[in-house]
Structure formats: structure tokens, C-alpha cells
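So this one's data38.txt, compact mmCIF, C-alpha atoms:
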# COMPACT_ATOMS: atom_id res chain seq x y z
CA MET I 818 7.00 46.79 4.14
CA ALA I 819 9.83 45.08 2.38
CA THR I 820 7.79 44.54 -0.70
CA PRO I 821 6.98 47.95 -2.23
CA THR I 822 10.16 48.05 -4.27
CA GLU I 823 10.16 44.28 -4.62
CA GLY I 824 6.48 44.26 -5.43
CA ALA I 825 6.89 46.83 -8.11
CA GLU I 826 9.72 44.84 -9.49
CA SER I 827 7.97 41.49 -9.42
CA ALA I 828 4.55 42.75 -10.45
CA SER I 829 5.95 43.46 -13.86
CA GLY I 830 7.73 40.12 -13.72
CA MET I 831 5.05 38.10 -11.97
CA PRO I 832 5.82 34.65 -13.39
CA GLN I 833 2.16 33.68 -13.24
CA LEU I 834 1.37 36.35 -15.83
CA ASP I 835 4.17 35.44 -18.19
CA PHE I 836 1.98 34.30 -21.03
CA SER I 837 4.89 32.87 -22.97
CA THR I 838 4.99 29.93 -20.57
CA PHE I 839 1.25 29.22 -20.80
CA PRO I 840 1.26 26.84 -23.77
CA ASN I 841 4.04 24.87 -22.14
CA GLN I 842 2.28 24.59 -18.80
CA ILE I 843 -1.06 23.77 -20.35
CA PHE I 844 0.44 21.11 -22.61
CA TRP I 845 2.27 19.38 -19.77
CA LEU I 846 -0.70 19.71 -17.44
CA VAL I 847 -2.92 17.99 -19.97
CA VAL I 848 -0.30 15.26 -20.41
CA ALA I 849 0.01 14.83 -16.63
CA LEU I 850 -3.76 14.77 -16.11
CA LEU I 851 -4.31 12.27 -18.90
CA ALA I 852 -1.56 10.04 -17.50
CA LEU I 853 -3.00 10.36 -14.03
CA TYR I 854 -6.54 9.69 -15.24
CA PHE I 855 -5.30 6.60 -17.04
CA ILE I 856 -3.45 5.37 -13.94
CA VAL I 857 -6.40 6.12 -11.67
CA THR I 858 -9.06 4.48 -13.82
CA ARG I 859 -7.05 1.52 -15.12
CA VAL I 860 -4.99 0.55 -12.11
CA ALA I 861 -5.72 2.39 -8.90
CA MET I 862 -9.52 2.40 -8.81
CA PRO I 863 -10.16 -1.22 -9.76
CA ARG I 864 -7.55 -2.32 -7.27
CA VAL I 865 -8.53 -0.18 -4.29
CA GLY I 866 -12.23 -0.56 -5.06
CA GLY I 867 -11.74 -4.30 -5.38
CA ILE I 868 -9.93 -4.47 -2.07
CA ILE I 869 -12.70 -2.56 -0.32
CA GLU I 870 -15.38 -4.69 -1.97
CA ASP I 871 -13.53 -7.91 -1.09
CA ARG I 872 -13.24 -6.79 2.49
CA PHE I 873 -16.92 -5.91 2.60
CA GLU I 874 -17.75 -9.34 1.22
CA VAL I 875 -15.50 -11.12 3.68
CA ILE I 876 -16.94 -9.16 6.56
CA SER I 877 -20.53 -9.81 5.54
CA ASN I 878 -19.71 -13.48 5.02
CA ASP I 879 -18.15 -13.65 8.44
CA LEU I 880 -21.14 -11.90 9.93
CA GLU I 881 -23.42 -14.41 8.27
CA VAL I 882 -21.38 -17.31 9.61
CA ALA I 883 -21.39 -15.70 13.03
CA ALA I 884 -25.18 -15.32 12.91
CA ASP I 885 -25.44 -18.96 11.87
CA LEU I 886 -23.22 -20.06 14.71
CA LYS I 887 -25.16 -17.94 17.11
CA GLN I 888 -28.38 -19.56 15.98
CA LYS I 889 -26.80 -22.98 16.45
CA ALA I 890 -25.60 -22.05 19.90
CA GLU I 891 -29.07 -20.84 20.78
CA ALA I 892 -30.58 -24.09 19.51
CA ALA I 893 -28.05 -26.06 21.53
CA GLU I 894 -28.88 -24.01 24.58
CA ALA I 895 -32.59 -24.62 24.08
CA ALA I 896 -31.96 -28.35 23.65
CA TYR I 897 -29.86 -28.35 26.77
CA HIS I 898 -32.57 -26.58 28.71
CA LYS I 899 -35.16 -28.99 27.37
CA ALA I 900 -33.05 -31.99 28.29
CA LEU I 901 -32.48 -30.51 31.71
CA ALA I 902 -36.20 -29.96 32.24
CA GLU I 903 -36.95 -33.47 31.01
CA ALA I 904 -34.37 -34.98 33.32
CA ARG I 905 -35.73 -32.98 36.19
CA SER I 906 -39.32 -34.07 35.56
CA GLU I 907 -38.16 -37.65 35.12
CA ALA I 908 -36.28 -37.47 38.36
CA GLN I 909 -39.35 -36.07 40.04
CA ALA I 910 -41.48 -38.87 38.61
CA ILE I 911 -39.01 -41.47 39.79
CA ALA I 912 -38.91 -39.89 43.21
CA ALA I 913 -42.69 -39.81 43.42
CA GLU I 914 -42.94 -43.42 42.24
CA THR I 915 -40.39 -44.57 44.75
CA LYS I 916 -42.14 -42.65 47.44
CA ALA I 917 -45.46 -44.21 46.54
CA GLU I 918 -43.91 -47.67 46.49
CA ILE I 919 -42.32 -47.12 49.85
CA GLN I 920 -45.61 -45.80 51.18
CA LYS I 921 -47.36 -48.88 49.88
CA GLU I 922 -44.82 -51.22 51.41
CA LEU I 923 -44.98 -49.33 54.62
CA ALA I 924 -48.75 -49.52 54.67
CA LEU I 925 -48.62 -53.22 53.93
CA ALA I 926 -46.11 -53.83 56.67
CA THR I 927 -48.10 -51.73 59.08
CA GLU I 928 -51.27 -53.62 58.25
CA LYS I 929 -49.54 -56.94 58.65
CA ALA I 930 -48.09 -55.88 61.93
CA ASP I 931 -51.46 -54.61 63.06
CA ALA I 932 -53.11 -57.86 62.11
CA GLU I 933 -50.49 -59.86 63.93
CA ILE I 934 -50.84 -57.69 66.97
CA ALA I 935 -54.60 -58.03 66.85
CA ALA I 936 -54.34 -61.80 66.50
CA LYS I 937 -51.96 -62.01 69.41
CA ALA I 938 -54.16 -59.74 71.48
CA ALA I 939 -57.23 -61.87 70.66
CA GLU I 940 -55.36 -65.02 71.59
CA SER I 941 -54.19 -63.49 74.82
CA GLU I 942 -57.68 -62.34 75.57
CA ALA I 943 -59.04 -65.77 74.92
CA ARG I 944 -56.51 -67.25 77.25
CA ILE I 945 -57.25 -64.62 79.86
CA ASP I 946 -60.94 -65.42 79.53
CA GLU I 947 -60.22 -69.10 79.81
CA ILE I 948 -58.08 -68.53 82.85
CA ARG I 949 -60.71 -66.32 84.34
CA ALA I 950 -63.44 -68.84 83.62
CA SER I 951 -61.44 -71.65 85.14
CA ALA I 952 -60.69 -69.41 88.10
CA VAL I 953 -64.35 -68.64 88.53
CA LYS I 954 -65.14 -72.31 88.24
CA SER I 955 -62.48 -73.15 90.81
CA VAL I 956 -63.85 -70.47 93.12
CA GLU I 957 -67.33 -71.87 92.69
CA GLU I 958 -66.10 -75.41 93.37
CA VAL I 959 -64.11 -74.29 96.37
CA ALA I 960 -67.05 -72.26 97.63
CA THR I 961 -69.46 -75.13 97.11
CA GLU I 962 -67.16 -77.60 98.84
CA THR I 963 -66.42 -75.21 101.62
CA SER I 964 -70.07 -74.38 102.03
CA ALA I 965 -71.03 -78.07 101.99
CA ALA I 966 -68.32 -78.80 104.53
CA ILE I 967 -69.48 -75.93 106.71
CA VAL I 968 -73.11 -77.00 106.39
CA ALA I 969 -72.19 -80.62 107.16
CA ALA I 970 -70.18 -79.55 110.12
CA LEU I 971 -72.86 -77.29 111.50
CA MET I 972 -75.92 -79.24 110.65
CA PRO I 973 -75.07 -82.83 109.59
CA ASP I 974 -78.75 -83.78 109.26
CA VAL I 975 -79.73 -81.36 106.65
CA ALA I 976 -76.80 -81.80 104.37
CA ASP I 977 -78.11 -81.35 100.95
CA ASP I 978 -75.43 -80.96 98.28
CA ALA I 979 -77.80 -79.78 95.56
CA ALA I 980 -79.26 -77.01 97.66
CA VAL I 981 -75.85 -75.78 98.67
CA LYS I 982 -74.68 -75.76 95.08
CA ALA I 983 -77.72 -73.78 94.00
CA ALA I 984 -77.26 -71.30 96.81
CA VAL I 985 -73.56 -70.79 95.95
CA ALA I 986 -74.35 -70.37 92.31
CA ASN I 987 -77.08 -67.94 93.25
CA ARG I 988 -74.73 -65.99 95.43
CA MET I 989 -71.90 -65.96 92.82
CA LYS I 990 -74.23 -64.50 90.27
CA GLY I 991 -75.12 -61.66 92.57
CA MET J 1103 10.74 44.12 10.48
CA ALA J 1104 11.23 47.76 9.60
CA GLU J 1105 14.99 47.34 9.56
CA PRO J 1106 15.23 44.92 6.66
CA ALA J 1107 12.68 47.05 4.87
CA GLN J 1108 15.08 49.98 4.82
CA GLU J 1109 17.91 47.78 3.66
CA GLY J 1110 15.62 45.64 1.53
CA SER J 1111 17.21 46.62 -1.73
CA GLY J 1112 20.53 45.35 -0.43
CA PHE J 1113 19.20 41.97 0.61
CA ASN J 1114 17.59 40.92 -2.62
CA ILE J 1115 14.44 39.22 -1.41
CA HIS J 1116 12.76 37.91 -4.49
CA PRO J 1117 9.58 36.20 -3.26
CA MET J 1118 8.31 35.62 -6.79
CA ASP J 1119 11.43 34.01 -8.20
CA GLN J 1120 10.28 30.59 -7.01
CA PHE J 1121 7.40 30.72 -9.46
CA VAL J 1122 9.52 31.27 -12.56
CA VAL J 1123 9.07 28.57 -15.16
CA LYS J 1124 12.50 27.51 -16.41
CA PRO J 1125 13.61 24.92 -18.93
CA LEU J 1126 15.05 21.88 -17.23
CA PHE J 1127 17.91 21.57 -19.68
CA GLY J 1128 19.75 24.59 -20.99
CA ASP J 1129 18.54 28.15 -21.12
CA GLY J 1130 16.68 28.39 -24.34
CA PRO J 1131 13.21 29.77 -24.99
CA ILE J 1132 10.21 27.91 -23.64
CA SER J 1133 8.12 26.43 -26.39
CA TRP J 1134 5.07 24.29 -25.72
CA TYR J 1135 6.96 20.98 -25.57
CA THR J 1136 10.05 22.11 -23.61
CA PRO J 1137 10.44 20.05 -20.42
CA THR J 1138 10.46 22.65 -17.66
CA ASN J 1139 10.50 22.63 -13.88
CA ALA J 1140 6.69 22.73 -14.09
CA THR J 1141 6.83 19.55 -16.19
CA MET J 1142 9.09 17.90 -13.66
CA TRP J 1143 6.90 18.70 -10.68
CA MET J 1144 3.74 17.67 -12.50
CA ALA J 1145 5.46 14.37 -13.28
CA LEU J 1146 6.55 14.03 -9.65
CA THR J 1147 2.96 14.71 -8.57
CA VAL J 1148 1.67 11.94 -10.81
CA LEU J 1149 4.47 9.70 -9.57
CA ALA J 1150 3.65 10.41 -5.91
CA ILE J 1151 -0.04 9.66 -6.48
CA THR J 1152 0.90 6.44 -8.25
CA LEU J 1153 3.15 5.57 -5.34
CA VAL J 1154 0.34 6.03 -2.83
CA LEU J 1155 -2.61 4.66 -4.81
CA VAL J 1156 -0.98 1.88 -6.80
CA VAL J 1157 2.20 0.86 -5.01
CA GLY J 1158 0.59 1.41 -1.61
CA SER J 1159 -2.23 -1.00 -2.40
CA ARG J 1160 0.14 -3.55 -3.94
CA GLY J 1161 -0.44 -6.06 -1.16
CA ARG J 1162 -4.22 -6.16 -1.67
CA ALA J 1163 -4.31 -7.17 1.97
CA LEU J 1164 -7.55 -7.76 3.79
CA VAL J 1165 -6.07 -6.03 6.78
CA PRO J 1166 -4.42 -3.04 5.16
CA SER J 1167 -0.83 -2.00 5.65
CA ARG J 1168 -0.09 1.67 6.31
CA GLY J 1169 0.37 2.50 2.66
CA GLN J 1170 -2.73 0.61 1.68
CA SER J 1171 -4.90 2.29 4.27
CA MET J 1172 -3.69 5.66 2.97
CA ALA J 1173 -4.77 4.67 -0.53
CA GLU J 1174 -8.08 3.36 0.79
CA MET J 1175 -8.70 6.49 2.83
CA LEU J 1176 -8.03 8.74 -0.15
CA TYR J 1177 -10.33 6.61 -2.30
CA GLY J 1178 -13.04 6.27 0.32
CA PHE J 1179 -12.96 9.93 1.30
CA THR J 1180 -13.33 11.14 -2.28
CA ARG J 1181 -15.98 8.57 -3.09
CA LYS J 1182 -18.03 9.51 -0.05
CA MET J 1183 -17.71 13.19 -0.92
CA VAL J 1184 -19.03 12.55 -4.44
CA GLU J 1185 -21.83 10.32 -3.19
CA ASP J 1186 -22.90 12.68 -0.41
CA VAL J 1187 -23.05 15.77 -2.59
CA ALA J 1188 -24.01 14.51 -6.04
CA GLY J 1189 -25.77 11.28 -5.11
CA LYS J 1190 -25.54 7.89 -6.80
CA GLU J 1191 -25.61 9.41 -10.30
CA GLY J 1192 -22.51 11.38 -9.42
CA LEU J 1193 -20.47 8.24 -8.83
CA LYS J 1194 -20.10 7.90 -12.60
CA TYR J 1195 -17.81 10.93 -12.48
CA PHE J 1196 -15.93 9.77 -9.40
CA PRO J 1197 -12.71 8.89 -11.35
CA TYR J 1198 -12.63 12.42 -12.76
CA VAL J 1199 -13.04 13.97 -9.29
CA LEU J 1200 -10.46 11.59 -7.81
CA THR J 1201 -7.97 12.57 -10.52
CA LEU J 1202 -8.51 16.29 -9.92
CA PHE J 1203 -8.48 16.02 -6.15
CA THR J 1204 -5.38 13.87 -5.89
CA PHE J 1205 -3.54 15.95 -8.47
CA ILE J 1206 -4.21 19.23 -6.68
CA LEU J 1207 -3.63 17.74 -3.21
CA PHE J 1208 -0.31 16.17 -4.11
CA ALA J 1209 0.83 19.17 -6.15
CA ASN J 1210 0.05 21.42 -3.16
CA LEU J 1211 1.85 19.15 -0.74
CA LEU J 1212 4.90 18.63 -2.96
CA ALA J 1213 5.10 22.40 -3.38
CA LEU J 1214 5.79 22.64 0.35
CA ILE J 1215 9.13 20.89 -0.09
CA PRO J 1216 11.74 23.65 0.11
CA THR J 1217 13.16 24.69 -3.29
CA SER J 1218 10.35 22.85 -5.05
CA PHE J 1219 8.12 24.41 -7.68
CA SER J 1220 4.44 24.87 -6.94
CA VAL J 1221 2.51 23.80 -9.98
CA THR J 1222 -0.87 24.87 -8.61
CA SER J 1223 0.24 28.43 -7.87
CA HIS J 1224 0.10 29.13 -11.61
CA ILE J 1225 -3.09 30.57 -12.95
CA ALA J 1226 -2.45 28.78 -16.26
CA VAL J 1227 -2.69 25.44 -14.50
CA THR J 1228 -5.65 26.20 -12.22
CA ALA J 1229 -7.51 27.94 -15.04
CA VAL J 1230 -7.22 24.83 -17.18
CA LEU J 1231 -8.42 22.69 -14.28
CA ALA J 1232 -11.33 25.04 -13.53
CA LEU J 1233 -12.31 25.49 -17.18
CA ALA J 1234 -12.21 21.75 -17.69
CA VAL J 1235 -14.65 21.40 -14.80
CA PHE J 1236 -16.79 24.24 -16.13
CA PHE J 1237 -17.09 22.86 -19.64
CA THR J 1238 -17.52 19.27 -18.49
CA VAL J 1239 -20.25 20.19 -16.07
CA THR J 1240 -22.05 22.40 -18.58
CA ALA J 1241 -21.83 19.65 -21.20
CA ILE J 1242 -23.17 17.08 -18.75
CA GLY J 1243 -26.03 19.43 -17.87
CA PHE J 1244 -27.08 19.93 -21.48
CA VAL J 1245 -26.61 16.29 -22.45
CA LYS J 1246 -28.63 15.03 -19.49
CA HIS J 1247 -31.40 17.61 -19.47
CA GLY J 1248 -31.25 19.44 -22.79
CA ALA J 1249 -32.85 22.86 -22.65
CA ALA J 1250 -34.29 22.05 -19.24
CA PHE J 1251 -30.80 22.64 -17.90
CA LEU J 1252 -31.45 26.35 -18.40
CA GLY J 1253 -34.00 25.98 -15.60
CA LEU J 1254 -30.98 26.30 -13.35
CA PHE J 1255 -31.14 30.04 -14.09
CA TRP J 1256 -34.91 30.37 -13.87
CA VAL J 1257 -35.74 30.25 -10.18
CA THR J 1258 -39.32 28.97 -10.18
CA SER J 1259 -39.62 29.23 -6.44
CA ALA J 1260 -39.20 33.04 -6.62
CA PRO J 1261 -42.09 35.42 -7.43
CA LEU J 1262 -42.46 35.97 -11.17
CA PRO J 1263 -41.35 39.66 -11.34
CA LEU J 1264 -38.11 38.73 -9.54
CA ARG J 1265 -37.23 35.85 -11.82
CA PRO J 1266 -35.57 37.81 -14.68
CA VAL J 1267 -33.43 39.67 -12.15
CA LEU J 1268 -32.48 36.43 -10.46
CA ALA J 1269 -31.78 34.87 -13.85
CA VAL J 1270 -29.25 37.59 -14.63
CA ILE J 1271 -27.61 37.12 -11.25
CA GLU J 1272 -27.59 33.34 -11.66
CA ILE J 1273 -26.05 33.57 -15.13
CA ILE J 1274 -23.34 35.94 -13.93
CA SER J 1275 -22.56 33.73 -10.95
CA TYR J 1276 -22.47 30.70 -13.23
CA PHE J 1277 -19.88 32.27 -15.49
CA VAL J 1278 -17.86 33.61 -12.59
CA ARG J 1279 -17.51 30.06 -11.23
CA PRO J 1280 -14.40 29.08 -13.23
CA VAL J 1281 -12.76 32.40 -12.39
CA SER J 1282 -13.24 32.10 -8.64
CA HIS J 1283 -12.58 28.38 -8.83
CA SER J 1284 -9.16 28.88 -10.40
CA ILE J 1285 -8.04 32.12 -8.77
CA ARG J 1286 -8.91 30.83 -5.28
CA LEU J 1287 -6.48 27.95 -5.61
CA ALA J 1288 -3.69 29.79 -7.40
CA GLY J 1289 -4.01 32.85 -5.18
CA ASN J 1290 -3.88 30.89 -1.95
CA LEU J 1291 -0.87 28.90 -3.03
CA MET J 1292 0.99 31.86 -4.48
CA ALA J 1293 0.36 34.12 -1.48
CA GLY J 1294 1.39 31.45 1.01
CA HIS J 1295 4.60 30.60 -0.77
CA ALA J 1296 5.45 34.27 -1.34
CA VAL J 1297 4.99 34.97 2.36
CA LEU J 1298 7.20 32.02 3.25
CA LYS J 1299 9.85 33.35 0.89
CA VAL J 1300 9.63 36.87 2.32
CA PHE J 1301 10.12 35.58 5.86
CA ALA J 1302 12.92 33.36 4.66
CA GLY J 1303 14.49 36.50 3.17
CA PHE J 1304 14.21 38.24 6.56
CA ALA J 1305 15.83 35.25 8.21
CA GLY J 1306 18.66 35.39 5.73
CA ALA J 1307 19.06 39.12 6.25
CA LEU J 1308 19.16 38.87 10.04
CA GLY J 1309 21.65 36.01 10.01
CA ALA J 1310 22.22 34.08 13.22
CA GLY J 1311 19.79 36.22 15.28
CA ALA J 1312 16.84 35.46 13.06
CA VAL J 1313 14.74 33.77 15.73
CA LEU J 1314 11.53 35.63 15.00
CA PRO J 1315 11.42 35.03 11.22
CA ILE J 1316 12.24 31.37 11.73
CA VAL J 1317 9.45 30.96 14.26
CA ALA J 1318 7.17 32.78 11.84
CA ILE J 1319 8.24 30.54 8.95
CA THR J 1320 7.53 27.47 11.06
CA ALA J 1321 4.08 28.76 11.95
CA ILE J 1322 3.28 29.79 8.38
CA TYR J 1323 4.55 26.45 7.11
CA GLY J 1324 2.04 24.71 9.36
CA LEU J 1325 -0.65 27.03 8.08
CA GLU J 1326 0.37 26.34 4.49
CA LEU J 1327 0.11 22.61 5.12
CA LEU J 1328 -3.47 23.23 6.19
CA VAL J 1329 -4.11 25.50 3.21
CA ALA J 1330 -2.68 22.91 0.82
CA CYS J 1331 -5.15 20.29 2.01
CA ILE J 1332 -8.10 22.64 2.39
CA GLN J 1333 -7.69 24.22 -1.04
CA ALA J 1334 -7.51 20.82 -2.68
CA TYR J 1335 -10.64 19.81 -0.77
CA VAL J 1336 -12.41 23.07 -1.65
CA PHE J 1337 -11.58 22.64 -5.32
CA ALA J 1338 -12.82 19.07 -5.30
CA ILE J 1339 -16.00 19.74 -3.38
CA LEU J 1340 -16.88 22.74 -5.58
CA THR J 1341 -16.36 20.48 -8.59
CA VAL J 1342 -18.79 18.01 -7.08
CA VAL J 1343 -21.27 20.76 -6.19
CA TYR J 1344 -21.20 22.04 -9.80
CA LEU J 1345 -21.60 18.47 -10.97
CA ASN J 1346 -24.62 18.11 -8.71
CA ASP J 1347 -26.10 21.27 -10.25
CA ALA J 1348 -25.68 19.73 -13.69
CA LEU J 1349 -27.19 16.40 -12.62
CA HIS J 1350 -30.09 17.91 -10.68
CA PRO J 1351 -30.65 21.40 -12.12
CA SER J 1352 -33.90 22.07 -10.28
CA HIS J 1353 -33.41 24.20 -7.22
Whole structure given in C-alpha cells:
Amino acid sequence: MATPTEGAESASGMPQLDFSTFPNQIFWLVVALLALYFIVTRVAMPRVGGIIEDRFEVISNDLEVAADLKQKAEAAEAAYHKALAEARSEAQAIAAETKAEIQKELALATEKADAEIAAKAAESEARIDEIRASAVKSVEEVATETSAAIVAALMPDVADDAAVKAAVANRMKG
Amino acid sequence: MAEPAQEGSGFNIHPMDQFVVKPLFGDGPISWYTPTNATMWMALTVLAITLVLVVGSRGRALVPSRGQSMAEMLYGFTRKMVEDVAGKEGLKYFPYVLTLFTFILFANLLALIPTSFSVTSHIAVTAVLALAVFFTVTAIGFVKHGAAFLGLFWVTSAPLPLRPVLAVIEIISYFVRPVSHSIRLAGNLMAGHAVLKVFAGFAGALGAGAVLPIVAITAIYGLELLVACIQAYVFAILTVVYLNDALHPSH
């Protein structure tokens, strides 16, 4: 609303349409653009582009190194796992070996002990048998003597040692 | 707002005065070599770009400083824009696009400094920029493809009877490109700065009670900041799109 009078005034004097200033503006614009183009292409672009390129290179290098290190770490991990598995299997082998050895020793000891026991038992048995045999013999002797004495006491005429002995032996057998 | 309108003649709001091209020294006539305020602000634009792109990247640090990352962002953003739109072949023209984009962006931004002169609000400047793009792109098209570049206007995917009509439309739109390309930028900048000046005039007229115009100026200033960046981006991306047309004329 403020502009009708102003507008009318400035439309005639719109500085943009003052053609007398055109050559001046165009000349200085061309100078400014050429200067700017020179600065941009000679100084700014190589520098900024170089910086960005350098950074890209450094980053890709670092990434490469990181990948390398990662690979190494993975290899180390694998080696570690392998060593661990080896140690475990070795430990198991040692344990099994020891166990077998112990078993063997145990079996040997058991066998030895068994044999000893058996020998002792056989010896004892032999002695028992001997004792028994001597006991039986003693019984037979006692019985024979007793019988002979009894027979002699009861019937002194018919005392016959051999017959008595045979009878006792016969009786003992039964 | 109606009040200052009635008294407008008394308050002397001259929204267009900021665009007047004046000699820097003295009051004489402006010939083509006279250093003017336009010259000064163009020089300051180039200086500011140098400051950001060259001085900012001075350290060449692997981990960029603030200034360096600004330079890298500007470089990377423009490069990606060229590569995305025009492809690998377009990267040959990346310095040209970077020059145009940074020049317009920094000129737009410097123009937002109060009492500064907005270089890109002048149709003379934007027309030169747009015509340079137009002629460069056309030349690239003909050099790269010869007469086949005219295939840009002959839409082979359309039915044959429609093609001449489309060719006329395509040719008109092709020649309108530099006009819209230049007027879009100059018009946006000029309108924004004129509006700022008008509101500033209201603020001056209302004196100490000028809360509303000042709030409005603040808001419009924010908007102008956006416009400054967007218009620079639009100019640059249209340049790249035209370049892509020249490099790959088939539809």
C-alpha cells in the first residue's frame, strides 16, 4: 500500500533497468568470475580434492591393515583352539594310559595276592589233611588197643591181635 | 500498515535505492571500468570464497578443522550434485559449476549484510551468468554430438504427427531457459531485499513502537537467508541439468 507512489517513482528509476551501468557490471562480473575460476581451479580444487583423496587413501589403507590384523587374530584364535584341542586330547591319552597302567598293576597285584592266598590255603589244607589223617590213625590205634584190651580182658584165650585189627579197620571204614 | 501508507510521501521509503550502482570514488559518470559498489561486492564475494575454500583448507588436515570441513562440504556437495545429475562425463565441468554456485551463493549471502549491495539482484549480472551457461551448454552439445544434438528437439518417443508440434515447444522452452534462469535469481533477490527495505521503512516511520515491522523484518530476513541458499542451489542445479541435456541429448 505504501508503494504505489513509491513504485511509480522507482519503476522509472529501477536501478536494474539502468542500462548505462550494464557495461560496468558486466565487465567487473567477468573479471570477478575469471579471478574466481582461476582461484578455484588452480588453488582450491586441487587442495580440497587432494585432501579428500588423501583421506580416502588413508582410510582405505587403515581398513586394509585392520582386515589384515583381523585375519591374523583369527589365525591366532584358530591356532589357540587347535593347541587347546591337542592339549586336551593329549591329556586324555595320558589319563587313559595312566589308568591302563594302574589297572595292569592292580590286576598283577590282585593275581599275586590271589596266588599267595591259594598257596596258603593249599598248605593249610594239606596240614589239616595231615592232622586229620594222623587223628584218624590215632583213633584207629586207640580203638585197636582198646578193643584188644577189652577182648583180652573178656576172653583171654582167644586174643588174636590181627583179627581185632581187621575188625576195627573194617568198622572204621563203615 | 495503512497509516504509513497515507503518510508515505512524508517518510521517504525508497526500497529500490539499495540497488543503485554508484562509483566508489567521486560522483562521476559510470563507464565500463569505473570501480563501483558492484565491483566492490563482487570482489568481496570472490574474497569470501577464497577465504572459505583456500584459507579454510590451509591446514590440509586429515581430521578437518571447522573451516576446512566447510570447504570440503561445499566441494563435496557441488561435486555430488554434478555427478548425480550429469554423470561421470559431467565432472569435467565441475570447476565451472563450482565457480558459478559459490559465486551466486556467496553474493546472495553477502547481500544480506545490512547496507550491503546485492550483486545478484541485477539482471545484468544474472543475465550474463545465465547466457554464459546457455552458450556453453549449447556449444558443448554441438561439439559432442554435432547435428545429433538437434535430436533434443525431436522427441522420438512421441507419435510422428505430434513431433513437429513438440519440436516447436521444445525449441521455445530451450530459448526461454536463459530468461527464466536469470530472471528467477534476480527477481527473487530484488523482491526480497525490496520487501526488507519497505518493512525497515515502516519501522523507521513508527519509531520506538515499531514492534510489528521489526518482527516482520526478522522473519523475512530468515526467509531471505533460505532464499539466498535455495536460489543459488536452483541456479546451479539447473546449470547441471542443462549440461546433462547437452551431454546426453536423447530423451
List as a list in words the protein and nucleic acid residues near range 1114-1120 of chain J, meaning an atom at most 6 Å away when all atoms listed in the file are counted, but skip any in the same chain fewer than 4 places from it. Ala1296, Lys1299, Val1300 and Gly1303 of chain J
Leaving out Leu851 in chain I and any residue of its chain fewer than 6 positions from it, which residues lie within 12 Å of it when counting all atoms listed in the file, given as a list of chain:residue names?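 Contacts, in chain order: I:Phe844, I:Trp845, I:Val857, I:Thr858, I:Arg859, J:Met1144, J:Ala1145, J:Val1148, J:Pro1197, J:Tyr1198, J:Thr1201, J:Leu1202, J:Phe1205.
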Give me, as a PyMOL selection string, the contact residues of chain J against chain I at a cut-off of 8 Å, counting all atoms listed in the file. chain J and resi 1103-1104+1106-1108+1110-1111+1115-1116+1118-1119+1121-1123+1132-1136+1140-1141+1144-1145+1148+1152+1155-1156+1159+1162-1164+1173-1174+1177+1197-1198+1200-1202+1205+1223-1227+1230
Residues within 9 Å of range 949-964 of chain I, please, as number ranges by chain. Count all atoms listed in the file; anything in the same chain fewer than 3 positions from it doesn't count. I: 944-946, 967-969, 978, 981-986, 989
From the options J:Leu1308, J:Leu1262, J:Met1292, J:Ile1242, which residue's atoms come nearest to Tyr1195 in chain J, counting only C-alpha atoms?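 Closest to Tyr1195 in chain J of all the choices is J:Ile1242.
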Have a look at J:Ala1348, J:Leu1126, J:Ala1334, J:Ile1285 and name the one nearest to Ala1241 in chain J; count all atoms listed in the file.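 Checking each of J:Ala1348, J:Leu1126, J:Ala1334, J:Ile1285 against Ala1241 in chain J, counting all atoms listed in the file, the winner is J:Ala1348.
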What is the CA of Leu1212 in chain J-CA of Thr1147 in chain J distance in Å, reported with one decimal?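 Computing the Euclidean distance for CA of Leu1212 in chain J and CA of Thr1147 in chain J yields 7.1 Å.
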For a quick check of understanding, using only C-alpha atoms, which of J:Pro1263, J:Pro1280, J:Gly1311, J:Pro1351 has the smallest distance to Leu1231 in chain J?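 Using only C-alpha atoms, Leu1231 in chain J sits closest to J:Pro1280.
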Taking 4 positions as the minimum chain separation for residues in the same chain, which residues sit within 8 Å of Ala1269 in chain J when counting all atoms listed in the file? Answer as a PyMOL selection string. chain J and resi 1255-1257+1265+1273
